[in-house]
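Novice: If you scroll down you'll find the structure; I have some questions about it.
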Amino acid sequence: MPPAHKRDYYEILGVNRGAGEDELKKAYRRLAIQFHPDRNPGNKESEEHFKELNEAYQVLSDPERRAQYDRFGHAAFQGPQGPGGFGGFDFSQGFEEVFSDIFGDFFGTGRGRSRSRTRRGDDLRYDLEIEFEEAARGIEKVVKFQRLTQCEACNGTRARGGSSGARQCPNCRGSGQVRTQQGFFSISTTCGQCRGEGMIISDPCPKCQGQGRIRKHESLAVKIPPGVDNGSRLKLRAEGEAGYGGGPQGDLYVVIHVKEHPMFVRQDNDVIIEAPISFPQAAVGTEIDVPTLEGKVKLKIPPATQSGKILRLKGKGIVDLHGYGRGDQLIKIIVETPRSLTPRQHELLEEFAKLDGKAVNHPLSKGFVDKLKEMFG
């Protein structure tokens with residue numbers, strides 16, 4: 001029979017016997033925060049309740065212990081081999097498991113791992129502006145920038161002459177962390193003597209002042225592939241800053257900015273231009289010169305071309321960056337009305353207007369007039 005003062009573990013946590021692992025953890029977390037001694041200083045009742053919570057959680061969160069408890073109750077843990085009440089339980093185990101994902105080392109739940117003495121170098125970004133044609137055709141550019149590189153004098157070891165003159169920090173004993181006790185909790189902070197490295201360089205390299213890296217001006221040839229667009233990012237592996245303590249080098253990201261073109265406009269992989277023609281050219285048809293990315297070409301304008309008509313030059317657009325073919329060039333025809341006329345031109349156009357009265361020649365105008373009549377009679 002269990003002692004009279006022993007309460008049921010499920011009752012202590014406020015869960016039913018079929019509660020899952022997540023439900024147990026949530027219940028324990030909520031109640032542990034509520035009854036924690038540091039939140040209830042001097043309250044013996046809260047302290048005892050807190051001990052009960054930890055004992056209950058350690059049993060029910062362990063599948064083997066929980067099975068024993070479900071079968072035999074508290075009697076499963078009585079005797080010299082059992083936990084013998086709260087004293088036999090490792091209080092920090094349950095508390096650490098539930099709270100380390102929220103509070104980390106604030107509650108002293110860290111395992112005292114030494115901070116890594118090598119770190120990957122930072123990535124760098126370079127903004128590169130190129131011409132529209134350069135983006136379409138591809139080009140090679142030289143970029144100039146600064147980056148931290150491995151110190152040649154010490155080969156990144158930070159010690160004079162590249163020697164291994166590093167010794168364990170006496171303050172943190174190589175862990176990089178210093179732990180201080182504050183009431184019920186222990187708090188881990190970065191060691192101020194070794195700055196979290198765990199090691200101290202007794203004779204630092206004079207060229208890099210013990211940093212293992214120095215800043216240098218760099219020039220790098222970058223191949224811009226055809227088809228890049230505004231915002232395209234090119235990743236150059238291991239061209240960023242040198243790693244710390246011999247760690248791997250970061251990457252360099254070149255971000256492309258394409259200048260606006262006076263004639264070409266990009267739409268996906270197509271190139272669009274506007275081509276103005278006169279009314280006689282639009283009416284009877286003609287042939288005009290238009291620019292493309294590969295030079296000037298002849299474009300045939302069919303008779304009766306309307307303003308806004310789109311003509312297409314197949315395969316004259318931009319190469320797809322990922323190798324999926326090539327776009328087209330689209331030419332939007334703009335029929336331009338002359339701003340001024342000579343007397344003879346005016347006379348001829350008036351005569352043309354008298355002769356051009358058939359609705360079949362102006363379906364848009366006829367449709368507009370018909371709708372106007374429907375609206376206003």
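To be explicit about the labels: the chains of the structure tokens are called A, B, and onward in the order shown, and within each one the residues are counted from 1, while ligands get numbers from 1 in the order they are shown.
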Write down as an NGL selection string the residues of range 134-352 of chain A whose backbone DSSP state falls under strand (DSSP E or B).

Specialist: :A and (139-150 or 159 or 166-168 or 177-182 or 185-190 or 199-201 or 204 or 213-224 or 233-236 or 244 or 252-258 or 265-267 or 270-278 or 286-292 or 295-301 or 310-313 or 319 or 326 or 329-336)

Novice: Can you build me a table of range 216-330 of chain A residues sitting at most 6 Å from range 129-136 of chain A, with the closest atom pair per residue and its distance in Å to one decimal, using only C-alpha atoms, sorted by chain and residue number, as JSON lines?

Specialist:
{"residue": "A:Pro226", "atom": "CA", "partner": "A:Ala136", "partner_atom": "CA", "distance": 5.1}
{"residue": "A:Gly227", "atom": "CA", "partner": "A:Ala136", "partner_atom": "CA", "distance": 4.9}
{"residue": "A:Val228", "atom": "CA", "partner": "A:Ala135", "partner_atom": "CA", "distance": 5.4}
{"residue": "A:His257", "atom": "CA", "partner": "A:Glu129", "partner_atom": "CA", "distance": 4.6}
{"residue": "A:Val258", "atom": "CA", "partner": "A:Ile130", "partner_atom": "CA", "distance": 5.2}
{"residue": "A:Lys259", "atom": "CA", "partner": "A:Glu131", "partner_atom": "CA", "distance": 5.3}
{"residue": "A:Ile318", "atom": "CA", "partner": "A:Ala136", "partner_atom": "CA", "distance": 5.5}

Novice: Could you jot down the CA of Ile333 in chain A to CA of Thr305 in chain A separation for me, Å, one decimal place?

Specialist: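 According to the coordinates, CA of Ile333 in chain A and CA of Thr305 in chain A are separated by 8.1 Å.
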
Novice: From the options A:His362, A:Arg39, A:Lys316, A:Arg125, which residue's atoms come nearest to Arg233 in chain A, counting only C-alpha atoms?

Specialist: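 Using only C-alpha atoms, Arg233 in chain A sits closest to A:Arg125.
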
Novice: Which residue is closest to Val142 in chain A? Choose from A:Arg237, A:Lys223, A:Lys354, A:Arg30 and count only C-alpha atoms.

Specialist: A:Lys223

Novice: Could you list, as a list in words, every residue within 12 Å of Arg65 in chain A, counting only C-alpha atoms and ignoring same-chain residues fewer than 4 positions away?

Specialist: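 Residues meeting the cut-off are Tyr9, Glu55, Ala56, Tyr57, Gln58, Val59, Leu60, Ser61, Tyr69, Asp70, Arg71, Phe72, Gly73, His74, Ala75, Ala76, Phe77, Gly82, Pro83 and Phe89 of chain A.
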
Novice: Given the choices A:Leu330, A:Leu234, A:Leu349, A:Cys151, which gets closest to Gln267 in chain A if the distance is worked out from only C-alpha atoms?

Specialist: A:Leu330

Novice: Record the distance separating CA of Thr337 in chain A and CA of Val369 in chain A, expressed in Å with one decimal.

Specialist: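 Calculated distance between CA of Thr337 in chain A and CA of Val369 in chain A is 21.9 Å.
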
Novice: I'd like the neighbourhood of Pro37 in chain A as a list in words, where a residue qualifies if any of its atoms comes within 9 Å (using only C-alpha atoms), though same-chain residues fewer than 6 positions away should be ignored.

Specialist: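 My reading of the contact set: Asn43, Lys44, Ser46, Glu47, Phe50 and Phe184 of chain A.
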
Novice: Which of these residues is nearest to Val335 in chain A, using only C-alpha atoms: A:Phe279, A:Tyr10, A:Phe264, A:Tyr126?

Specialist: A:Phe279

Novice: Go through A:Gly245, A:Leu364, A:Gln329, A:Arg179 one by one, measure the shortest atom-to-atom distance of each to Gly210 in chain A using only C-alpha atoms, and give the residue with the smallest value.

Specialist: A:Gly245

Novice: Which one is closest to Asn269 in chain A: A:Ile310, A:Ala242, A:Val319, A:Leu31? Count only C-alpha atoms.

Specialist: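 Using only C-alpha atoms, the shortest distance to Asn269 in chain A belongs to A:Val319.
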
Novice: What is the distance between CA of Gly240 in chain A and CA of Asn155 in chain A, in Å to one decimal?

Specialist: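 Answer for the CA of Gly240 in chain A to CA of Asn155 in chain A separation: 17.3 Å.
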
Novice: At a cut-off of 9 Å, using only C-alpha atoms, what residues contact Glu140 in chain A? Leave out same-chain residues fewer than 4 positions from it and give the result as an MDAnalysis selection string.

Specialist: chainID A and resid 221:225

Novice: Include C-alpha atoms and write out the residues we just selected as a PDB file, in the first residue's frame.

Specialist:
ATOM      1  CA  ALA A 221      36.361  38.181 -62.872  1.00  0.00           C
ATOM      2  CA  VAL A 222      32.678  37.211 -62.879  1.00  0.00           C
ATOM      3  CA  LYS A 223      30.991  35.530 -65.831  1.00  0.00           C
ATOM      4  CA  ILE A 224      27.453  36.891 -66.309  1.00  0.00           C
ATOM      5  CA  PRO A 225      25.388  34.285 -68.184  1.00  0.00           C
TER       6      PRO A 225
END
